[in-house]
>>> print(open('structure-v7.txt').read())   # compact mmCIF, C-alpha atoms
# COMPACT_ATOMS: atom_id res chain seq x y z
CA MET A 233 39.26 223.19 -28.01
CA THR A 234 41.06 221.18 -25.31
CA ALA A 235 44.57 219.89 -26.04
CA LYS A 236 44.87 216.11 -26.05
CA ARG A 237 46.87 214.77 -23.10
CA PHE A 238 49.66 212.22 -23.32
CA VAL A 239 48.34 208.93 -21.96
CA LYS A 240 50.79 206.05 -21.70
CA SER A 241 49.54 202.90 -23.45
CA ALA A 242 46.77 204.90 -25.14
CA ASP A 243 46.94 202.70 -28.23
CA THR A 244 47.23 199.36 -26.43
CA SER A 245 45.59 196.35 -28.01
CA THR A 246 46.39 194.12 -25.00
CA PRO A 247 43.23 192.32 -23.87
CA VAL A 248 42.01 192.98 -20.34
CA SER A 249 42.53 189.30 -19.46
CA ALA A 250 46.24 189.53 -20.43
CA SER A 251 46.69 192.60 -18.21
CA GLN A 252 44.97 190.79 -15.35
CA ARG A 253 47.31 187.80 -15.78
CA ALA A 254 50.31 190.15 -15.82
CA ILE A 255 49.16 191.80 -12.57
CA GLU A 256 48.68 188.43 -10.91
CA GLN A 257 52.20 187.35 -11.98
CA ILE A 258 53.68 190.58 -10.61
CA LEU A 259 51.81 190.25 -7.32
CA ARG A 260 52.74 186.58 -6.90
CA ARG A 261 56.40 187.53 -7.45
CA TYR A 262 56.14 189.80 -4.40
CA GLY A 263 54.21 187.32 -2.24
CA ALA A 264 50.71 188.73 -2.61
CA THR A 265 47.61 186.62 -2.01
CA ASP A 266 43.80 186.91 -2.08
CA PHE A 267 43.51 188.35 -5.60
CA ASN A 268 40.25 189.80 -6.82
CA PHE A 269 39.94 191.32 -10.31
CA GLY A 270 36.94 192.95 -11.90
CA SER A 271 35.52 195.49 -14.29
CA SER A 272 32.17 197.09 -13.60
CA TRP A 273 30.49 198.40 -16.72
CA ALA A 274 27.72 199.89 -14.55
CA GLU A 275 30.24 201.88 -12.47
CA LYS A 276 32.75 202.07 -15.37
CA THR A 277 35.64 201.01 -13.15
CA ALA A 278 38.48 198.53 -13.31
CA ARG A 279 39.29 197.17 -9.85
CA ILE A 280 41.80 194.88 -8.18
CA ALA A 281 42.15 193.86 -4.57
CA PHE A 282 44.91 191.83 -2.94
CA ARG A 283 46.96 191.32 0.21
CA VAL A 284 50.71 191.86 0.01
CA PRO A 285 53.50 191.50 2.62
CA ASP A 286 54.48 194.92 3.96
CA ILE A 287 58.18 194.10 3.48
CA PRO A 288 59.70 191.11 1.64
CA GLY A 289 59.11 187.92 3.63
CA ALA A 290 56.98 189.59 6.33
CA LYS A 291 53.97 187.83 7.82
CA LEU A 292 52.09 191.14 8.12
CA THR A 293 50.09 191.67 4.94
CA VAL A 294 48.53 194.86 3.70
CA PRO A 295 45.02 194.70 2.18
CA VAL A 296 44.86 196.91 -0.91
CA ARG A 297 42.12 197.90 -3.38
CA LEU A 298 43.03 199.85 -6.52
CA GLU A 299 40.35 201.31 -8.77
CA VAL A 300 40.60 203.13 -12.09
CA SER A 301 37.70 205.06 -13.57
CA MET A 302 37.15 204.16 -17.21
CA ASP A 303 35.33 207.49 -17.60
CA ALA A 304 38.44 209.33 -16.39
CA VAL A 305 40.61 207.36 -18.83
CA ALA A 306 38.15 208.00 -21.67
CA GLY A 307 38.30 211.71 -20.85
CA ALA A 308 42.11 211.72 -20.82
CA LEU A 309 42.06 209.95 -24.19
CA GLY A 310 39.76 212.66 -25.57
CA PHE A 311 36.83 210.25 -26.03
CA THR A 312 34.32 212.38 -24.12
CA GLN A 313 34.52 215.58 -26.16
CA ASN A 314 33.81 216.44 -29.77
CA GLN A 315 36.26 218.33 -31.97
CA TRP A 316 35.09 221.63 -30.45
CA GLY A 317 35.63 220.50 -26.87
CA ARG A 318 31.95 219.94 -26.12
CA PRO A 319 30.82 216.85 -24.16
CA ARG A 320 29.72 213.80 -26.13
CA GLU A 321 28.96 210.14 -25.48
CA SER A 322 31.84 207.70 -25.92
CA SER A 323 31.33 204.89 -28.43
CA LYS A 324 31.36 201.22 -27.38
CA TRP A 325 34.86 200.83 -28.89
CA GLU A 326 36.10 203.92 -27.01
CA ILE A 327 34.83 202.58 -23.67
CA GLU A 328 36.43 199.19 -24.43
CA GLN A 329 39.69 200.96 -25.30
CA ALA A 330 39.48 203.01 -22.10
CA GLU A 331 39.06 199.73 -20.20
CA ARG A 332 42.15 198.21 -21.91
CA VAL A 333 44.16 201.36 -21.12
CA ALA A 334 42.91 201.36 -17.50
CA TRP A 335 44.10 197.78 -17.04
CA ARG A 336 47.50 198.55 -18.60
CA HIS A 337 47.84 201.41 -16.11
CA LEU A 338 47.03 199.05 -13.26
CA VAL A 339 49.86 196.79 -14.50
CA LEU A 340 52.29 199.74 -14.55
CA TRP A 341 51.10 201.03 -11.16
CA VAL A 342 51.38 197.68 -9.37
CA ASP A 343 54.72 196.83 -10.96
CA ALA A 344 56.32 200.17 -10.07
CA ALA A 345 55.01 200.22 -6.49
CA CYS A 346 56.04 196.61 -5.79
CA ALA A 347 59.48 197.03 -7.39
CA ALA A 348 60.15 200.15 -5.30
CA ALA A 349 59.08 198.37 -2.11
CA ASN A 350 61.17 195.31 -2.93
CA ALA A 351 64.22 197.55 -3.54
CA GLY A 352 63.79 199.02 -0.04
CA LEU A 353 62.66 202.47 -1.19
CA GLN A 354 59.39 202.14 0.68
CA THR A 355 57.19 199.55 2.34
CA MET A 356 54.10 198.20 0.62
CA SER A 357 51.93 200.07 3.12
CA GLU A 358 53.70 203.29 2.10
CA ALA A 359 53.40 202.47 -1.60
CA PHE A 360 49.67 201.79 -1.36
CA LEU A 361 48.74 203.91 1.69
CA ALA A 362 45.82 205.77 0.13
CA HIS A 363 44.44 202.46 -1.18
CA THR A 364 45.03 200.35 1.93
CA LEU A 365 41.80 198.94 3.34
CA VAL A 366 40.91 199.70 6.97
CA ARG A 367 37.91 199.03 9.20
CA THR A 368 35.83 202.15 9.80
CA PRO A 369 34.38 203.02 13.23
CA ASP A 370 30.96 201.81 12.04
CA GLY A 371 32.41 198.42 10.99
CA ASP A 372 32.57 198.98 7.23
CA VAL A 373 35.72 198.58 5.17
CA ALA A 374 37.10 201.61 3.32
CA LYS A 375 40.30 202.88 1.77
CA VAL A 376 42.49 205.17 3.90
CA SER A 377 41.88 208.02 1.44
CA GLU A 378 38.11 207.59 1.86
CA MET A 379 38.50 207.65 5.66
CA LEU A 380 40.52 210.86 5.47
CA ASP A 381 37.91 212.41 3.21
CA ARG A 382 35.17 211.51 5.70
CA ALA A 383 37.16 212.89 8.64
CA ALA A 384 37.85 216.14 6.81
CA LYS A 385 34.19 216.58 5.92
CA LEU A 386 33.17 216.00 9.54
CA GLN A 387 35.58 218.77 10.51
CA GLY A 388 34.18 221.02 7.79
CA ALA A 389 37.42 221.05 5.80
CA GLU A 390 36.93 221.96 2.16
CA GLY A 391 38.44 219.72 -0.49
CA GLY A 392 38.28 216.49 1.52
CA TYR A 393 41.45 215.20 3.10
CA ARG A 394 43.47 217.52 0.88
CA GLY A 395 41.88 220.35 2.86
CA LEU A 396 43.66 219.07 5.98
CA LEU A 397 47.04 219.89 4.49
CA PRO A 398 48.47 223.35 5.16
CA ALA A 399 49.21 225.58 2.20
CA SER A 400 52.84 225.35 1.14
CA THR A 401 55.00 228.36 1.80
>>> encode(input="structure-v7.txt", output="structure tokens")
Amino acid sequence: MTAKRFVKSADTSTPVSASQRAIEQILRRYGATDFNFGSSWAEKTARIAFRVPDIPGAKLTVPVRLEVSMDAVAGALGFTQNQWGRPRESSKWEIEQAERVAWRHLVLWVDAACAAANAGLQTMSEAFLAHTLVRTPDGDVAKVSEMLDRAAKLQGAEGGYRGLLPAST
């Protein structure tokens, strides 16, 4: 049997719409624009996209897309295994709870990253580097992490972009 993991906000009852409003308030506080919020039940993801100034007051904005897998959250909450650790289907309530938890995590993620950037610990582009949107050579738009994964695969590196990193000594 698999041990249950600690998941912050696991028992949240905060509606998704309240979390989305909280994220928008946080982002507005730091000068972000072009908000886009959504949940895809087909893909089982919670997603936000926005543009935020790289440093406070800067004209240069960083396009960011953050996604959270509701399946991953459901798994961390123990909703995808039975009492013996075998796979099982999550109930409708469990998927809805995973969605609420996913959105609470997006609130925490955005708030922490923006606060750190505003305090001068990092720039927004550093805070959201893996999730910053860039134009690909073929004209599509992708996250930096997706671009690195593609580059690593083209070079035959195992493990995606993580395979590009040398082993620590």
>>> closest_residue(input="structure-v7.txt", among="A:Ser323, A:Thr355, A:Thr246, A:Thr293", to="Asp266 in chain A", atoms="only C-alpha atoms")
A:Thr293
>>> atom_distance(input="structure-v7.txt", atom1="CA of Ser241 in chain A", atom2="CA of Ala308 in chain A")
11.8 Å
>>> atom_distance(input="structure-v7.txt", atom1="CA of Gln315 in chain A", atom2="CA of Phe238 in chain A")
17.1 Å
>>> atom_distance(input="structure-v7.txt", atom1="CA of Pro295 in chain A", atom2="CA of Ser357 in chain A")
8.8 Å
>>> closest_residue(input="structure-v7.txt", among="A:Ala349, A:Lys375, A:Ser245, A:Leu298", to="Trp325 in chain A", atoms="only C-alpha atoms")
A:Ser245
>>> axis_aligned_box(input="structure-v7.txt", around="range 374-382 of chain A", padding_each_side="5 Å", output="AutoDock Vina command-line options")
--center_x 38.8 --center_y 207.0 --center_z 3.6 --size_x 17.3 --size_y 20.8 --size_z 14.3
>>> residues_around(input="structure-v7.txt", residues="Val376 in chain A", least_positions_apart="4", cutoff="12 Å", atoms="only C-alpha atoms", output="count of residues only")
21
>>> closest_atom_pairs(input="structure-v7.txt", of="range 322-343 of chain A", to="range 248-257 of chain A", cutoff="7 Å", atoms="all atoms listed in the file", output="tab-separated table")
residue	atom	partner	partner_atom	distance
A:Arg332	CA	A:Val248	CA	5.5
A:Trp335	CA	A:Ser251	CA	5.9
A:Arg336	CA	A:Ser251	CA	6.0
A:Val339	CA	A:Ile255	CA	5.4
>>> residues_around(input="structure-v7.txt", residues="range 277-291 of chain A", least_positions_apart="4", cutoff="8 Å", atoms="only C-alpha atoms", output="PyMOL selection string")
chain A and resi 259+262-273+295-303+331+334-335+349-350+355-357
>>> residues_around(input="structure-v7.txt", residues="Arg237 in chain A", least_positions_apart="5", cutoff="10 Å", atoms="all atoms listed in the file", output="NGL selection string")
:A and (307-310)
